[in-house]
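Structure data (compact mmCIF, C-alpha atoms) from target25.txt:
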# COMPACT_ATOMS: atom_id res chain seq x y z
CA MET A 10 87.60 126.07 102.07
CA ASP A 11 88.74 125.28 98.49
CA LYS A 12 89.01 121.77 97.05
CA GLU A 13 92.74 121.38 97.70
CA GLN A 14 92.38 122.42 101.35
CA LYS A 15 89.42 120.07 101.81
CA VAL A 16 91.36 117.13 100.34
CA THR A 17 94.35 117.91 102.58
CA ALA A 18 92.13 117.97 105.66
CA VAL A 19 90.55 114.63 104.72
CA PHE A 20 93.98 113.11 104.04
CA ASN A 21 95.36 114.21 107.42
CA GLU A 22 92.35 112.82 109.28
CA LEU A 23 92.51 109.47 107.49
CA ALA A 24 96.28 109.25 107.97
CA GLU A 25 95.85 109.54 111.73
CA THR A 26 93.32 106.69 111.75
CA LEU A 27 95.78 104.56 109.78
CA ARG A 28 98.47 105.21 112.37
CA ASP A 29 96.01 104.14 115.07
CA ILE A 30 95.35 100.84 113.26
CA SER A 31 99.08 100.19 112.99
CA ARG A 32 99.69 100.97 116.67
CA THR A 33 96.87 98.64 117.73
CA SER A 34 98.23 95.81 115.56
CA ASN A 35 101.74 96.16 116.98
CA HIS A 36 100.37 96.08 120.52
CA LEU A 37 98.25 92.99 119.75
CA ILE A 38 101.26 91.08 118.39
CA GLU A 39 103.34 91.85 121.47
CA GLU A 40 100.47 90.89 123.78
CA LEU A 41 99.75 87.53 122.12
CA LYS A 42 103.41 86.58 121.83
CA SER A 43 103.43 86.37 125.62
CA ALA A 44 100.32 84.15 125.76
CA CYS A 45 100.58 80.46 126.65
CA THR A 46 102.50 78.85 123.76
CA VAL A 47 101.88 75.28 122.60
CA ILE A 48 103.19 73.25 119.66
CA ALA A 49 100.21 71.86 117.76
CA THR A 50 101.79 68.49 116.96
CA ASP A 51 102.54 67.85 120.64
CA HIS A 52 98.81 67.13 120.97
CA PRO A 53 98.17 63.41 120.35
CA LEU A 54 95.27 64.11 117.96
CA VAL A 55 97.28 66.50 115.75
CA ARG A 56 99.48 64.42 113.45
CA ALA A 57 99.85 66.64 110.33
CA ASP A 58 100.38 63.56 108.15
CA GLY A 59 97.66 64.24 105.57
CA LYS A 60 95.79 61.07 106.57
CA HIS A 61 94.22 61.56 109.98
CA ASP A 62 91.78 64.31 110.91
CA ASP A 63 93.55 67.05 112.85
CA ALA A 64 90.55 69.31 113.45
CA LYS A 65 89.44 67.77 116.76
CA GLY A 66 92.87 68.13 118.33
CA ILE A 67 93.38 71.67 117.02
CA GLN A 68 89.98 72.66 118.41
CA GLN A 69 90.93 71.34 121.83
CA LEU A 70 93.99 73.58 121.73
CA LEU A 71 91.93 76.56 120.58
CA ASN A 72 89.57 76.02 123.51
CA LEU A 73 92.47 76.59 125.90
CA ALA A 74 92.20 80.32 125.14
CA ASP A 75 89.27 80.47 127.58
CA ARG A 76 91.26 79.03 130.48
CA LYS A 77 94.69 80.48 129.73
CA GLU A 78 93.53 84.03 128.93
CA GLY A 79 95.07 83.64 125.53
CA ILE A 80 96.74 80.93 123.46
CA HIS A 81 99.64 80.97 120.96
CA ILE A 82 99.53 77.81 118.84
CA VAL A 83 102.60 77.08 116.69
CA PHE A 84 102.07 74.77 113.69
CA PRO A 85 105.23 73.03 112.39
CA PRO A 86 105.50 72.01 108.70
CA GLY A 87 103.03 69.32 107.69
CA LEU A 88 99.72 68.60 106.01
CA TYR A 89 96.85 69.27 108.42
CA THR A 90 93.53 67.67 107.48
CA LEU A 91 90.43 69.58 108.57
CA ARG A 92 87.24 67.52 108.56
CA TRP A 93 85.39 70.09 110.70
CA PRO A 94 85.36 73.90 110.92
CA LEU A 95 87.64 75.41 113.56
CA ARG A 96 86.13 77.91 116.02
CA LEU A 97 88.43 80.69 117.23
CA LYS A 98 88.16 82.16 120.71
CA GLN A 99 89.18 85.55 122.06
CA ASN A 100 92.96 86.16 122.40
CA THR A 101 94.17 83.54 119.92
CA PHE A 102 97.41 83.56 117.92
CA LEU A 103 97.36 80.85 115.23
CA ASP A 104 101.00 80.80 114.05
CA ALA A 105 101.71 78.45 111.13
CA SER A 106 104.96 77.63 109.38
CA ASP A 107 105.25 78.63 105.73
CA ASP A 108 105.50 74.92 104.93
CA SER A 109 102.30 73.95 106.69
CA ILE A 110 99.19 73.20 104.64
CA PHE A 111 95.64 73.12 106.00
CA ARG A 112 93.40 71.16 103.65
CA LYS A 113 89.63 71.27 104.00
CA LYS A 114 87.70 68.00 103.75
CA HIS A 115 84.17 69.15 104.60
CA HIS A 116 81.53 71.45 103.14
CA GLY A 117 81.85 74.49 105.40
CA PRO A 118 84.27 77.25 106.37
CA MET A 119 87.72 76.44 107.70
CA LEU A 120 87.82 79.12 110.42
CA LEU A 121 85.06 81.00 112.25
CA ASN A 122 85.18 83.25 115.31
CA LEU A 123 81.62 82.45 116.44
CA ARG A 124 79.30 79.51 117.01
CA ARG A 125 75.81 79.05 115.64
CA ARG A 126 74.21 79.51 119.05
CA ASP A 127 76.06 82.78 119.75
CA ARG A 128 74.21 86.10 119.61
CA MET A 129 77.05 88.48 118.77
CA ARG A 130 76.34 92.22 118.59
CA ALA A 131 78.36 95.26 117.53
CA TYR A 132 82.11 94.53 117.92
CA ARG A 133 81.82 92.47 121.11
CA GLY A 134 82.50 89.06 119.61
CA ASN A 135 85.72 87.02 119.69
CA GLY A 136 88.50 89.43 118.73
CA ASN A 137 92.18 89.94 119.54
CA ILE A 138 93.05 87.27 116.97
CA ILE A 139 96.12 86.76 114.78
CA ILE A 140 96.07 84.22 111.93
CA ARG A 141 99.55 83.95 110.46
CA GLY A 142 101.19 81.75 107.88
CA GLY A 143 100.54 78.51 106.07
CA THR A 144 98.58 77.56 102.97
CA TRP A 145 94.84 77.18 103.49
CA ASP A 146 93.44 74.97 100.77
CA ALA A 147 89.66 75.21 100.21
CA ASN A 148 89.97 72.07 98.08
CA TYR A 149 87.25 72.96 95.55
CA PRO A 150 85.58 71.17 93.76
CA ALA A 151 86.16 68.12 95.96
CA TYR A 152 84.54 70.09 98.78
CA ARG A 153 82.20 73.06 98.55
CA GLY A 154 81.02 75.37 101.30
CA GLY A 155 82.28 78.55 99.65
CA THR A 156 83.88 80.90 102.16
CA SER A 157 87.00 79.86 104.09
CA PHE A 158 87.45 82.40 106.91
CA VAL A 159 84.30 83.82 108.55
CA LEU A 160 84.99 86.64 111.00
CA ALA A 161 82.20 88.76 112.45
CA HIS A 162 81.29 91.20 115.24
CA ALA A 163 84.85 91.65 116.49
CA LYS A 164 87.76 94.04 116.67
CA ASN A 165 91.54 93.73 116.53
CA VAL A 166 92.12 90.92 114.03
CA ILE A 167 95.25 90.43 111.92
CA ILE A 168 95.43 87.99 108.99
CA GLU A 169 98.93 87.90 107.56
CA GLN A 170 101.58 86.04 105.56
CA LEU A 171 99.37 83.19 104.41
CA GLN A 172 97.92 81.77 101.21
CA LEU A 173 94.23 81.06 100.59
CA VAL A 174 93.83 78.86 97.53
CA GLU A 175 91.45 76.79 95.36
CA HIS A 176 88.05 78.32 96.07
CA GLY A 177 84.74 77.91 94.31
CA GLY A 178 81.71 80.18 94.60
CA GLY A 179 82.29 81.89 97.94
CA ARG A 180 84.86 84.20 99.47
CA ALA A 181 88.28 83.56 100.88
CA ILE A 182 87.58 85.92 103.79
CA GLU A 183 84.26 87.31 105.04
CA LEU A 184 84.81 90.35 107.28
CA ASN A 185 81.38 91.15 108.66
CA ALA A 186 80.82 93.89 111.26
CA MET A 187 84.55 94.17 112.02
CA ARG A 188 86.63 97.00 113.44
CA ASN A 189 90.33 97.79 113.53
CA SER A 190 91.59 94.83 111.50
CA GLU A 191 94.24 94.13 108.88
CA VAL A 192 94.78 91.68 106.03
CA ARG A 193 98.39 91.97 104.91
CA HIS A 194 101.08 90.15 102.95
CA CYS A 195 98.71 87.35 101.88
CA LYS A 196 98.13 85.58 98.56
CA PHE A 197 94.67 84.74 97.19
CA LEU A 198 95.04 82.28 94.33
CA GLY A 199 92.53 80.30 92.30
CA TYR A 200 88.78 80.73 92.03
CA ASP A 201 85.96 78.97 90.14
CA ASP A 202 82.90 81.18 89.48
CA ARG A 203 80.61 78.16 88.97
CA LYS A 204 79.94 78.87 85.30
CA GLY A 205 79.19 82.54 85.89
CA GLU A 206 76.82 82.00 88.81
CA ARG A 207 79.25 83.68 91.24
CA ALA A 208 81.24 86.04 89.03
CA TYR A 209 80.70 88.83 91.57
CA SER A 210 82.24 87.09 94.60
CA GLU A 211 85.13 88.84 96.33
CA ALA A 212 88.28 87.26 97.72
CA ILE A 213 87.85 89.67 100.65
CA GLN A 214 84.34 90.90 101.32
CA LEU A 215 83.49 93.68 103.75
CA ASP A 216 79.91 93.14 104.83
CA LEU A 217 77.47 94.31 107.46
CA ALA A 218 75.24 92.41 109.89
CA LYS A 219 72.26 92.83 107.58
CA ALA A 220 70.28 89.59 107.41
CA ARG A 221 70.62 85.83 107.52
CA ARG A 222 70.49 85.64 103.74
CA VAL A 223 73.82 87.50 103.53
CA PHE A 224 75.36 85.90 106.64
CA PRO A 225 74.12 82.30 106.79
CA TRP A 226 76.59 80.96 109.37
CA GLY A 227 74.56 81.91 112.47
CA GLY A 228 75.85 83.48 115.68
CA SER A 229 75.00 87.04 114.64
CA VAL A 230 72.40 89.58 115.69
CA PHE A 231 71.38 91.44 112.56
CA GLU A 232 71.55 95.01 113.86
CA GLN A 233 73.30 96.44 110.76
CA THR A 234 76.79 96.86 112.24
CA THR A 235 79.28 97.76 109.49
CA CYS A 236 83.07 97.52 109.13
CA GLU A 237 85.28 100.35 110.38
CA ASP A 238 89.01 101.06 110.38
CA MET A 239 90.12 98.28 108.02
CA TRP A 240 93.51 98.11 106.29
CA ILE A 241 94.08 95.67 103.40
CA HIS A 242 97.62 95.96 102.08
CA HIS A 243 100.56 94.25 100.37
CA ASN A 244 98.43 91.30 99.20
CA SER A 245 98.29 89.60 95.80
CA PHE A 246 95.22 88.22 94.02
CA GLY A 247 95.17 86.07 90.91
CA PRO A 248 94.80 82.66 89.29
CA SER A 249 96.32 79.42 90.51
CA ASP A 250 97.76 76.62 88.41
CA THR A 251 94.32 75.00 88.09
CA LYS A 252 91.78 77.85 88.42
CA GLY A 253 91.22 81.39 87.24
CA SER A 254 91.17 84.58 89.25
CA TRP A 255 88.45 86.01 91.47
CA GLY A 256 85.22 87.70 90.50
CA ARG A 257 86.45 90.71 92.50
CA ALA A 258 89.48 91.01 94.75
CA ILE A 259 88.10 93.36 97.43
CA GLY A 260 84.62 94.82 97.83
CA SER A 261 81.04 94.56 99.02
CA HIS A 262 77.76 93.60 97.39
CA SER A 263 75.09 94.27 100.03
CA ALA A 264 74.11 97.50 101.77
CA THR A 265 71.66 99.26 104.07
CA ALA A 266 70.42 102.76 103.33
CA ASP A 267 71.64 104.53 106.46
CA ARG A 268 74.85 102.57 107.05
CA TRP A 269 78.37 102.85 105.60
CA HIS A 270 81.65 100.97 105.82
CA GLU A 271 84.02 103.67 107.03
CA ARG A 272 87.75 104.38 107.07
CA ILE A 273 88.79 101.66 104.65
CA TYR A 274 92.40 101.60 103.41
CA ILE A 275 93.43 99.51 100.40
CA THR A 276 97.10 100.02 99.61
CA ASP A 277 100.03 98.38 97.83
CA ASN A 278 98.14 95.33 96.51
CA VAL A 279 98.70 93.48 93.23
CA ILE A 280 95.44 92.33 91.60
CA LYS A 281 95.40 90.25 88.43
CA GLU A 282 92.73 88.99 86.03
CA THR A 283 89.56 89.45 88.10
CA LEU A 284 86.36 88.76 86.17
CA GLN A 285 84.71 91.99 87.31
CA TRP A 286 86.10 94.83 89.44
CA ALA A 287 89.45 94.66 91.13
CA VAL A 288 88.06 96.84 93.95
CA ARG A 289 84.42 97.80 94.47
CA ALA A 290 83.64 100.27 97.24
CA TYR A 291 79.89 99.83 97.71
CA SER A 292 78.29 102.18 100.24
CA TRP A 293 81.70 103.04 101.71
CA ARG A 294 83.01 106.43 102.84
CA ASP A 295 86.35 107.76 104.08
CA VAL A 296 88.38 105.53 101.77
CA VAL A 297 92.01 105.51 100.63
CA LEU A 298 93.06 103.53 97.55
CA TYR A 299 96.79 104.02 97.12
CA ASN A 300 99.56 102.46 95.04
CA ASN A 301 97.66 99.37 93.93
CA ARG A 302 98.68 97.59 90.74
CA ILE A 303 95.75 96.22 88.74
CA GLU A 304 96.56 94.03 85.76
CA SER A 305 94.24 92.56 83.09
CA CYS A 306 91.12 92.79 85.24
CA GLY A 307 87.56 93.04 83.93
CA GLY A 308 87.28 96.47 85.56
CA GLY A 309 89.49 98.54 87.83
CA VAL A 310 88.14 100.59 90.75
CA ALA A 311 84.44 101.29 91.32
CA ILE A 312 83.00 103.77 93.83
CA HIS A 313 79.27 103.04 94.04
CA PRO A 314 76.46 104.16 96.36
CA ASN A 315 73.95 101.49 97.29
CA TYR A 316 71.42 100.48 94.66
CA VAL A 317 67.81 101.62 94.75
CA ASP A 318 66.34 98.17 94.27
CA GLY A 319 63.95 97.52 97.17
CA ARG A 320 66.60 95.57 99.08
CA ASN A 321 69.79 97.62 99.39
CA ASP A 322 67.90 100.91 99.87
CA THR A 323 65.92 99.82 102.95
CA ASP A 324 67.17 101.45 106.15
CA SER A 325 68.27 99.86 109.43
CA LYS A 326 64.61 99.49 110.48
CA ASN A 327 63.77 97.76 107.19
CA ARG A 328 61.89 100.77 105.82
CA PRO A 329 62.22 101.51 102.09
CA THR A 330 63.88 104.85 101.37
CA GLY A 331 63.88 104.98 97.57
CA ARG A 332 67.34 106.56 97.47
CA SER A 333 71.03 105.83 97.75
CA ASN A 334 73.36 106.77 100.57
CA PRO A 335 75.36 109.95 100.02
CA ILE A 336 79.02 108.91 100.07
CA LYS A 337 82.11 111.04 100.57
CA ASN A 338 85.85 111.31 101.04
CA PHE A 339 87.61 109.07 98.53
CA LEU A 340 91.33 109.43 97.93
CA ILE A 341 92.32 107.44 94.84
CA LEU A 342 96.02 108.05 94.43
CA GLN A 343 98.88 106.64 92.34
CA ASN A 344 97.23 103.41 91.27
CA THR A 345 98.29 101.71 88.03
CA ILE A 346 95.71 99.94 85.87
CA THR A 347 96.92 98.00 82.86
CA GLY A 348 95.10 95.89 80.28
CA GLY A 349 91.76 94.17 80.75
CA GLY A 350 88.58 96.21 80.54
CA LYS A 351 86.18 93.56 79.25
CA TYR A 352 83.73 94.25 82.08
CA ALA A 353 83.84 97.98 82.86
CA SER A 354 85.87 101.17 83.24
CA ALA A 355 89.33 101.48 84.71
CA ILE A 356 88.00 103.91 87.35
CA ARG A 357 84.32 104.63 87.92
CA LEU A 358 82.74 107.08 90.36
CA LYS A 359 79.00 106.83 89.96
CA GLY A 360 76.94 109.23 92.04
CA ASP A 361 73.60 110.82 91.18
CA GLU A 362 71.79 114.12 91.73
CA LYS A 363 70.06 113.02 94.93
CA SER A 364 73.08 111.24 96.37
CA PRO A 365 76.26 112.69 94.92
CA ILE A 366 79.80 111.60 95.68
CA THR A 367 81.45 114.46 97.55
CA CYS A 368 85.12 115.16 98.13
CA ALA A 369 86.63 112.59 95.79
CA CYS A 370 90.25 113.05 94.81
CA LEU A 371 91.78 111.26 91.82
CA LEU A 372 95.45 112.12 91.38
CA GLY A 373 98.48 110.41 89.92
CA ASN A 374 96.71 107.29 88.63
CA HIS A 375 97.91 105.66 85.42
CA VAL A 376 95.66 103.81 82.99
CA GLU A 377 97.60 101.96 80.31
CA ASP A 378 96.62 99.77 77.37
CA TYR A 379 92.97 99.84 78.41
CA PRO A 380 90.48 99.29 75.56
CA GLY A 381 87.41 100.55 77.44
CA LYS A 382 86.72 103.83 79.20
CA GLY A 383 89.64 105.00 81.29
CA VAL A 384 87.87 107.15 83.89
CA LEU A 385 84.08 107.56 84.15
CA VAL A 386 82.84 110.12 86.67
CA THR A 387 79.19 111.08 87.23
CA GLY A 388 77.35 112.80 90.06
CA THR A 389 80.25 114.29 92.04
CA GLU A 390 80.50 117.48 94.08
CA ASN A 391 83.44 119.38 95.52
CA SER A 392 85.87 116.85 94.01
CA LEU A 393 89.36 117.10 92.59
CA ILE A 394 89.80 115.01 89.45
CA GLY A 395 93.32 115.12 88.07
CA LYS A 396 94.24 114.18 84.53
CA GLU A 397 94.78 110.45 84.43
CA THR A 398 97.41 109.11 82.09
CA ALA A 399 96.20 106.86 79.28
CA LEU A 400 99.08 105.51 77.21
CA SER A 401 98.79 103.12 74.27
CA ARG A 402 95.34 101.67 73.68
Written as C-alpha cells, that's how I'd like the structure from this file.
Amino acid sequence: MDKEQKVTAVFNELAETLRDISRTSNHLIEELKSACTVIATDHPLVRADGKHDDAKGIQQLLNLADRKEGIHIVFPPGLYTLRWPLRLKQNTFLDASDDSIFRKKHHGPMLLNLRRRDRMRAYRGNGNIIIRGGTWDANYPAYRGGTSFVLAHAKNVIIEQLQLVEHGGGRAIELNAMRNSEVRHCKFLGYDDRKGERAYSEAIQLDLAKARRVFPWGGSVFEQTTCEDMWIHHNSFGPSDTKGSWGRAIGSHSATADRWHERIYITDNVIKETLQWAVRAYSWRDVVLYNNRIESCGGGVAIHPNYVDGRNDTDSKNRPTGRSNPIKNFLILQNTITGGGKYASAIRLKGDEKSPITCACLLGNHVEDYPGKGVLVTGTENSLIGKETALSR
C-alpha cells in the first residue's frame, strides 16, 4: 500500500470514530433533557446574589441525581458564589444561562466528578454529564487551587458554550482517563503563569491515571488508563482583559511508556498568544488536527513521543524502558499559523530512530509571518509531508 492509500485508510477509520462520538453526544443530550428538571434558584440556599454561598444548595440539587436517575439543573442569570467544590454525579445536566457567573471563593477546583474516598478505575466513574453555559471565574489571584474542572475515569461528557476565565498556575479543564467526550464552543480567557513557574500548563490537558503526583485530587486508582475518543472543537483560547494567554491551549505533559492517548480530534479552534505550544500531542496516536487558526503563539503544533527521562519512559508496571513510545497516524490538515514563534517551530514532528513517527500526513497547512522554523520534521517513516506555505517573514 502506497503512502496516499495508507493516509486515506487512516482518514476513513478516524472519520468513522468521529461520527460515533457525535452520535453518542446527540443521544446523551436527548436523554438528559428528559431527566428531572429543577430551577437552581428555587432552592432556598441558592440565591445567586453574589453575597451568600450557593455551593451547599447547588450540591444538594446535584445529589438528587442518585435518587432521580438523572438531574437537569437550570441556572437563571445571576452571580453564584462557590465557597466549596461541587461534586458531579452520574447523569447530570448542568444548564446555565449565558448571563450566569460562577465565582470561586476557595482554593480548590470548582467542579469534580469524583470524591476523595472514591476508587475509580478505567471509565467506570461518574459519566453521562453535560456542563453547558455560564462564565466560570477561577478568581485568581484572590484564590488559588489551579485547575477548575477535574473530570476523571468516565465516559460520555460534554462541556459546551461556556467561558472559563482568570486562572493562575493550573488548568481550566483536566480530562484524565476519559472516553468519548467533547469540549466545544467554549472560551478560555486569561492565565497567569506564576512568573514562568507554570509556563507549560494547558487550558485543556489530556492526562492518564499515572500517579498521585500528576492527579492530586484523590478518588483515582492509578492503573494508567488514558484518554480515548476525544473531540475538542470550535473553542477559542487567549488573554483576558487582566491576564495573558495560556502556556499551551491543548496538550499533555506526562506519559507512560506503553500507553497512548488515542483517537484525539482537535478541529476548528482559534488559539492566540500561548507562551509555548498551541497544541502539544505528547504520546498520542490516531490524531486529527484540522482547520485550527493559531495566532501569535510561542509555537504552533508539536507531535512528540514521550521523553526518555526516567519518569515518562517507565511502563505501566513502573519498569524503566529506556525508550519512547512509537507513535503513528497523525493527520495535520489545513491549519493556519501566523506570527509568534518565540518559543519553537510552527509545526514540529520529532521522532527518533528507535521510535519513529509513522504515517504522518501534513497537507494544506499555511505558515505566515513566522520568524522561526516553519516545519521541522525528524524521525518519520511512511509519511506524506506536503509543501507548507510560508509567506512573508
With a distance cut-off of 6 Å and all atoms listed in the file, select the neighbouring residues of segment 291-301 of chain A, excluding the residue or stretch itself and same-chain residues fewer than 5 positions from it, and output the selection as a count of residues only.
23
From A:Ser354, A:Asn327, A:Gln14, A:Asn185, residue lying nearest Thr234 of chain A [all atoms listed in the file]
A:Asn185
Glu282 of chain A: which residues within 9 Å, counting only C-alpha atoms, same-chain residues fewer than 4 positions away excluded, as a ChimeraX atom specification?
/A:246-248,253-256,287,303-307,349
Take the residues from that selection and write them out as a short mmCIF file (atom, residue, chain, number, x, y, z; two decimals), keeping the file's coordinate frame, keeping C-alpha atoms.
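Output file again_18.cif is given in full below:
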data_model
loop_
_atom_site.label_atom_id
_atom_site.label_comp_id
_atom_site.auth_asym_id
_atom_site.auth_seq_id
_atom_site.Cartn_x
_atom_site.Cartn_y
_atom_site.Cartn_z
CA PHE A 246 95.22 88.22 94.02
CA GLY A 247 95.17 86.07 90.91
CA PRO A 248 94.80 82.66 89.29
CA GLY A 253 91.22 81.39 87.24
CA SER A 254 91.17 84.58 89.25
CA TRP A 255 88.45 86.01 91.47
CA GLY A 256 85.22 87.70 90.50
CA ALA A 287 89.45 94.66 91.13
CA ILE A 303 95.75 96.22 88.74
CA GLU A 304 96.56 94.03 85.76
CA SER A 305 94.24 92.56 83.09
CA CYS A 306 91.12 92.79 85.24
CA GLY A 307 87.56 93.04 83.93
CA GLY A 349 91.76 94.17 80.75
#
Once you add 8 Å to each side, what are the centre and edge lengths of the axis-aligned box holding all listed atoms of segment 60-64 of chain A? One decimal in Å, as lines of an AutoDock Vina configuration file, if you can.
center_x = 93.2
center_y = 65.2
center_z = 110.0
size_x = 21.2
size_y = 24.2
size_z = 22.9
Residue neighbourhood Pro335 of chain A, 7 Å, only C-alpha atoms, exclusion window fewer than 4 positions, as a ChimeraX atom specification:
/A:314,364-366
Given all atoms listed in the file as the counted atoms, nearest of A:Glu169, A:Ile394, A:His194, A:Lys164 to Asp238 of chain A:
A:Lys164
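Every protein, DNA or RNA residue with an atom at most 9 Å from Ile182 of chain A, where only C-alpha atoms count and chain neighbours fewer than 6 positions away do not, is listed here: Thr156, Ser157, Phe158, Val159, Leu160, Leu173, Glu211, Ala212, Ile213, Gln214 and Leu215 of chain A.
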Residues of segment 58-132 of chain A that have any atom at most 12 Å from an atom of segment 37-43 of chain A: could you tabulate them with the shortest-distance atom pair and the distance in Å to one decimal, using all atoms listed in the file, ordered by chain and increasing number, as a Markdown table?
| residue | atom | partner | partner_atom | distance |
| --- | --- | --- | --- | --- |
| A:Ala74 | CA | A:Leu41 | CA | 10.9 |
| A:Lys77 | CA | A:Ser43 | CA | 11.3 |
| A:Glu78 | CA | A:Leu41 | CA | 9.9 |
| A:Gly79 | CA | A:Leu41 | CA | 7.0 |
| A:Ile80 | CA | A:Leu41 | CA | 7.4 |
| A:His81 | CA | A:Leu41 | CA | 6.7 |
| A:Ile82 | CA | A:Lys42 | CA | 10.0 |
| A:Val83 | CA | A:Lys42 | CA | 10.8 |
| A:Gln99 | CA | A:Leu41 | CA | 10.8 |
| A:Asn100 | CA | A:Leu41 | CA | 6.9 |
| A:Thr101 | CA | A:Leu41 | CA | 7.2 |
| A:Phe102 | CA | A:Leu41 | CA | 6.2 |
| A:Leu103 | CA | A:Leu41 | CA | 9.9 |
| A:Asp104 | CA | A:Lys42 | CA | 10.0 |
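Among the candidates A:Asp324, A:Glu13, A:Glu237, A:Asp378, the one nearest to Thr26 of chain A when counting all atoms listed in the file is A:Glu237.
You will find atom CA of Ala181 of chain A at 7.5 Å from atom CA of Phe197 of chain A.
Each of A:Asn35, A:Ser263, A:Thr347, A:Asn122 was compared to Leu71 of chain A using only C-alpha atoms, and A:Asn122 turns out to be the nearest.
Taking atom CA of Val47 of chain A and atom CA of Leu70 of chain A as endpoints, the distance between them is 8.1 Å.
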Check the smallest atom-to-atom distance from each of A:Ser333, A:Asn148, A:Thr345, A:Lys382 to Gly360 of chain A using all atoms listed in the file, then report the winner.
A:Ser333
Identify which of the residues A:Met119, A:Ala353, A:Cys368, A:Val386 lies closest to Lys15 of chain A, counting only C-alpha atoms when measuring atom-to-atom distances.
A:Cys368
Neighbours of Gly227 of chain A within 6 Å (all atoms listed in the file; same-chain residues fewer than 2 positions away dropped), as a PyMOL selection string?
chain A and resi 125+225+229
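Counting from atom CA of Asp267 of chain A, the distance to atom CA of Leu217 of chain A is 11.8 Å.
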